[in-house]
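Asker: You'll find start.pdb just under this line, and it carries PDB, C-alpha atoms.
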```pdb
ATOM      1  CA  MET A   1       7.269  97.087 -23.596  1.00  0.00           C
ATOM      2  CA  GLU A   2       7.805  96.956 -19.866  1.00  0.00           C
ATOM      3  CA  ILE A   3      10.917  95.914 -17.965  1.00  0.00           C
ATOM      4  CA  TRP A   4      10.810  94.648 -14.400  1.00  0.00           C
ATOM      5  CA  ILE A   5      13.979  95.737 -12.645  1.00  0.00           C
ATOM      6  CA  ASN A   6      15.809  96.040  -9.374  1.00  0.00           C
ATOM      7  CA  PRO A   7      17.968  99.188  -9.748  1.00  0.00           C
ATOM      8  CA  ALA A   8      20.696  97.568  -7.623  1.00  0.00           C
ATOM      9  CA  CYS A   9      21.067  94.738 -10.170  1.00  0.00           C
ATOM     10  CA  SER A  10      23.894  95.067 -12.701  1.00  0.00           C
ATOM     11  CA  LYS A  11      22.037  92.904 -15.273  1.00  0.00           C
ATOM     12  CA  CYS A  12      19.051  95.265 -15.003  1.00  0.00           C
ATOM     13  CA  ARG A  13      21.219  98.331 -15.480  1.00  0.00           C
ATOM     14  CA  SER A  14      22.903  96.713 -18.496  1.00  0.00           C
ATOM     15  CA  ALA A  15      19.514  95.908 -20.034  1.00  0.00           C
ATOM     16  CA  LEU A  16      18.342  99.508 -19.542  1.00  0.00           C
ATOM     17  CA  THR A  17      21.544 100.827 -21.123  1.00  0.00           C
ATOM     18  CA  LEU A  18      20.998  98.605 -24.159  1.00  0.00           C
ATOM     19  CA  LEU A  19      17.320  99.563 -24.465  1.00  0.00           C
ATOM     20  CA  ASP A  20      18.298 103.237 -24.318  1.00  0.00           C
ATOM     21  CA  ALA A  21      21.055 102.740 -26.910  1.00  0.00           C
ATOM     22  CA  GLU A  22      18.485 101.147 -29.241  1.00  0.00           C
ATOM     23  CA  GLY A  23      16.015 104.002 -28.652  1.00  0.00           C
ATOM     24  CA  ALA A  24      13.418 101.568 -27.333  1.00  0.00           C
ATOM     25  CA  ASP A  25      10.106 102.802 -25.969  1.00  0.00           C
ATOM     26  CA  TYR A  26       9.643 101.108 -22.604  1.00  0.00           C
ATOM     27  CA  THR A  27       8.249 101.501 -19.104  1.00  0.00           C
ATOM     28  CA  VAL A  28      10.288 100.662 -16.014  1.00  0.00           C
ATOM     29  CA  ARG A  29       8.665  98.725 -13.210  1.00  0.00           C
ATOM     30  CA  ARG A  30      10.650  98.582  -9.985  1.00  0.00           C
ATOM     31  CA  TYR A  31       9.042  95.339  -8.966  1.00  0.00           C
ATOM     32  CA  LEU A  32      10.403  95.389  -5.404  1.00  0.00           C
ATOM     33  CA  GLU A  33       8.415  98.600  -4.824  1.00  0.00           C
ATOM     34  CA  ASP A  34       5.517  97.974  -7.237  1.00  0.00           C
ATOM     35  CA  VAL A  35       5.083  94.316  -6.351  1.00  0.00           C
ATOM     36  CA  PRO A  36       3.343  92.191  -8.990  1.00  0.00           C
ATOM     37  CA  SER A  37       0.180  90.410  -7.929  1.00  0.00           C
ATOM     38  CA  GLU A  38      -0.235  86.671  -8.257  1.00  0.00           C
ATOM     39  CA  ASP A  39      -2.339  87.290 -11.387  1.00  0.00           C
ATOM     40  CA  GLU A  40       0.395  89.475 -12.906  1.00  0.00           C
ATOM     41  CA  ILE A  41       2.977  86.782 -12.156  1.00  0.00           C
ATOM     42  CA  ARG A  42       0.750  84.154 -13.798  1.00  0.00           C
ATOM     43  CA  ALA A  43       0.375  86.402 -16.866  1.00  0.00           C
ATOM     44  CA  VAL A  44       4.137  86.954 -17.152  1.00  0.00           C
ATOM     45  CA  LEU A  45       4.794  83.237 -16.743  1.00  0.00           C
ATOM     46  CA  GLU A  46       2.364  82.550 -19.586  1.00  0.00           C
ATOM     47  CA  ARG A  47       4.115  85.155 -21.755  1.00  0.00           C
ATOM     48  CA  LEU A  48       7.500  83.649 -20.870  1.00  0.00           C
ATOM     49  CA  GLY A  49       6.316  80.088 -21.430  1.00  0.00           C
ATOM     50  CA  LEU A  50       7.911  79.178 -18.085  1.00  0.00           C
ATOM     51  CA  GLU A  51       6.902  77.829 -14.698  1.00  0.00           C
ATOM     52  CA  PRO A  52       7.314  79.824 -11.451  1.00  0.00           C
ATOM     53  CA  TRP A  53      10.303  77.757 -10.322  1.00  0.00           C
ATOM     54  CA  ASP A  54      12.036  78.669 -13.603  1.00  0.00           C
ATOM     55  CA  ILE A  55      12.117  82.358 -12.615  1.00  0.00           C
ATOM     56  CA  THR A  56      12.838  81.896  -8.910  1.00  0.00           C
ATOM     57  CA  ARG A  57      16.132  83.057  -7.425  1.00  0.00           C
ATOM     58  CA  THR A  58      16.763  80.046  -5.194  1.00  0.00           C
ATOM     59  CA  GLN A  59      20.012  81.420  -3.759  1.00  0.00           C
ATOM     60  CA  GLU A  60      18.301  84.348  -2.013  1.00  0.00           C
ATOM     61  CA  ALA A  61      18.218  84.174   1.797  1.00  0.00           C
ATOM     62  CA  VAL A  62      14.411  84.100   1.851  1.00  0.00           C
ATOM     63  CA  ALA A  63      14.443  81.140  -0.573  1.00  0.00           C
ATOM     64  CA  LYS A  64      16.640  79.249   1.851  1.00  0.00           C
ATOM     65  CA  GLU A  65      14.381  80.237   4.778  1.00  0.00           C
ATOM     66  CA  LEU A  66      11.346  78.933   2.875  1.00  0.00           C
ATOM     67  CA  GLY A  67      13.171  75.768   1.836  1.00  0.00           C
ATOM     68  CA  LEU A  68      12.328  76.356  -1.839  1.00  0.00           C
ATOM     69  CA  LYS A  69      14.920  73.900  -3.104  1.00  0.00           C
ATOM     70  CA  GLU A  70      12.900  71.117  -1.467  1.00  0.00           C
ATOM     71  CA  TRP A  71       9.536  72.219  -2.877  1.00  0.00           C
ATOM     72  CA  ALA A  72       8.027  70.000  -5.550  1.00  0.00           C
ATOM     73  CA  ARG A  73       8.032  71.432  -9.051  1.00  0.00           C
ATOM     74  CA  ASP A  74       4.708  70.266 -10.366  1.00  0.00           C
ATOM     75  CA  GLU A  75       1.153  71.406 -11.091  1.00  0.00           C
ATOM     76  CA  ASP A  76       0.068  70.694  -7.508  1.00  0.00           C
ATOM     77  CA  THR A  77       2.611  73.165  -6.066  1.00  0.00           C
ATOM     78  CA  ARG A  78       2.541  75.745  -8.876  1.00  0.00           C
ATOM     79  CA  GLU A  79       0.227  78.099  -6.955  1.00  0.00           C
ATOM     80  CA  ARG A  80       2.405  77.825  -3.835  1.00  0.00           C
ATOM     81  CA  TRP A  81       5.402  78.987  -5.912  1.00  0.00           C
ATOM     82  CA  ILE A  82       3.411  81.890  -7.390  1.00  0.00           C
ATOM     83  CA  ALA A  83       2.248  82.948  -3.920  1.00  0.00           C
ATOM     84  CA  ALA A  84       5.862  82.894  -2.705  1.00  0.00           C
ATOM     85  CA  LEU A  85       6.978  85.105  -5.610  1.00  0.00           C
ATOM     86  CA  ALA A  86       4.188  87.600  -4.895  1.00  0.00           C
ATOM     87  CA  ALA A  87       4.932  87.608  -1.157  1.00  0.00           C
ATOM     88  CA  HIS A  88       8.704  87.847  -1.668  1.00  0.00           C
ATOM     89  CA  PRO A  89       9.351  89.693  -4.959  1.00  0.00           C
ATOM     90  CA  LYS A  90      13.104  89.566  -4.361  1.00  0.00           C
ATOM     91  CA  LEU A  91      12.795  85.922  -5.446  1.00  0.00           C
ATOM     92  CA  ILE A  92      11.778  86.922  -8.995  1.00  0.00           C
ATOM     93  CA  GLN A  93      14.546  86.573 -11.576  1.00  0.00           C
ATOM     94  CA  ARG A  94      15.402  89.867 -13.228  1.00  0.00           C
ATOM     95  CA  PRO A  95      15.181  91.694 -15.495  1.00  0.00           C
ATOM     96  CA  ILE A  96      12.022  90.557 -17.248  1.00  0.00           C
ATOM     97  CA  ILE A  97      10.985  92.341 -20.426  1.00  0.00           C
ATOM     98  CA  THR A  98       7.425  92.042 -21.684  1.00  0.00           C
ATOM     99  CA  ALA A  99       7.678  92.460 -25.450  1.00  0.00           C
ATOM    100  CA  ASP A 100       5.239  94.244 -27.731  1.00  0.00           C
ATOM    101  CA  ASP A 101       4.144  90.985 -29.382  1.00  0.00           C
ATOM    102  CA  GLY A 102       2.676  89.613 -26.141  1.00  0.00           C
ATOM    103  CA  THR A 103       5.672  87.477 -25.221  1.00  0.00           C
ATOM    104  CA  ALA A 104       8.314  88.085 -22.569  1.00  0.00           C
ATOM    105  CA  VAL A 105      11.962  87.253 -21.922  1.00  0.00           C
ATOM    106  CA  VAL A 106      14.211  86.999 -18.903  1.00  0.00           C
ATOM    107  CA  ALA A 107      16.747  89.523 -20.178  1.00  0.00           C
ATOM    108  CA  ARG A 108      19.926  88.576 -18.319  1.00  0.00           C
ATOM    109  CA  THR A 109      22.071  88.702 -21.472  1.00  0.00           C
ATOM    110  CA  GLU A 110      22.536  91.203 -24.271  1.00  0.00           C
ATOM    111  CA  GLU A 111      21.188  88.561 -26.675  1.00  0.00           C
ATOM    112  CA  ALA A 112      17.977  88.226 -24.650  1.00  0.00           C
ATOM    113  CA  VAL A 113      17.466  92.013 -24.660  1.00  0.00           C
ATOM    114  CA  GLN A 114      18.026  92.065 -28.431  1.00  0.00           C
ATOM    115  CA  ASP A 115      15.549  89.209 -28.758  1.00  0.00           C
ATOM    116  CA  ALA A 116      12.919  91.249 -26.871  1.00  0.00           C
ATOM    117  CA  LEU A 117      13.629  94.248 -29.079  1.00  0.00           C
ATOM    118  CA  SER A 118      13.133  92.183 -32.229  1.00  0.00           C
ATOM    119  CA  ARG A 119       9.677  90.978 -31.187  1.00  0.00           C
ATOM    120  CA  LYS A 120       7.189  93.270 -32.879  1.00  0.00           C
TER
END
```
Starting from the file, give its structure as structure tokens.

Answerer:
Amino acid sequence: MEIWINPACSKCRSALTLLDAEGADYTVRRYLEDVPSEDEIRAVLERLGLEPWDITRTQEAVAKELGLKEWARDEDTRERWIAALAAHPKLIQRPIITADDGTAVVARTEEAVQDALSRK
């Protein structure tokens, strides 16, 4: 499994602590440094079963600069959202765990981390 983190994020640190406590085998991706491509974002969205606006941090300063809250949330603007996430990775909700079964979860709670761990 892989976990996308921002080391400054308390939810990310909590998820890592829980993964370590469970003895999980995982890879850390510091996605602000190792920025996911648009294709990688599409793949994670498919694994999550979510749309790009579902994993966008709309309270970030760059989101306000881009006016994301006013963007349409439909198939016609989906690629625009994905491009924004790739161009501004700080907008990506965190942490995201890609589970061994091909799915993924936004692991902001202990329950979500446990859910990822249970997916074999």

Asker: May I have the residues within 12 Å of range 69-77 of chain A as a ChimeraX atom specification, using all atoms listed in the file and disregarding those fewer than 5 positions away in the same chain?

Answerer: /A:50-54,56-64,82-84

Asker: Output C-alpha atoms of each residue in that selection to a file, as a short mmCIF file (atom, residue, chain, number, x, y, z; two decimals), keeping the file's coordinate frame.

Answerer:
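The resulting file, result.cif, is reproduced below:
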```cif
data_model
loop_
_atom_site.label_atom_id
_atom_site.label_comp_id
_atom_site.auth_asym_id
_atom_site.auth_seq_id
_atom_site.Cartn_x
_atom_site.Cartn_y
_atom_site.Cartn_z
CA LEU A 50 7.91 79.18 -18.08
CA GLU A 51 6.90 77.83 -14.70
CA PRO A 52 7.31 79.82 -11.45
CA TRP A 53 10.30 77.76 -10.32
CA ASP A 54 12.04 78.67 -13.60
CA THR A 56 12.84 81.90 -8.91
CA ARG A 57 16.13 83.06 -7.42
CA THR A 58 16.76 80.05 -5.19
CA GLN A 59 20.01 81.42 -3.76
CA GLU A 60 18.30 84.35 -2.01
CA ALA A 61 18.22 84.17 1.80
CA VAL A 62 14.41 84.10 1.85
CA ALA A 63 14.44 81.14 -0.57
CA LYS A 64 16.64 79.25 1.85
CA ILE A 82 3.41 81.89 -7.39
CA ALA A 83 2.25 82.95 -3.92
CA ALA A 84 5.86 82.89 -2.70
#
```

Asker: Pick the closest to Gly49 in chain A from A:Ala8, A:Val106, A:Val28, A:Ala21: which is it, counting only C-alpha atoms?

Answerer: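 Selected residue with least distance to Gly49 in chain A: A:Val106.
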
Asker: Which is closest to Glu38 in chain A among A:Gln114, A:Arg80, A:Arg94, A:Thr109, if we use all atoms listed in the file?

Answerer: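 Looking at the shortest contact to Glu38 in chain A, the residue is A:Arg80.
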
Asker: How many Å lie between CA of Leu85 in chain A and CA of Ser10 in chain A, rounded to one decimal?

Answerer: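 Separation of CA of Leu85 in chain A and CA of Ser10 in chain A: 20.9 Å.
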
Asker: So, with all atoms listed in the file as the atoms that count, which of A:Pro89, A:Asp101, A:Asp115, A:Asp20 lies closest to Val35 in chain A?

Answerer: A:Pro89

Asker: What is the distance, in Å and to one decimal place, between CA of Pro36 in chain A and CA of Thr103 in chain A?

Answerer: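 CA of Thr103 in chain A lies at a distance of 17.1 Å from CA of Pro36 in chain A.
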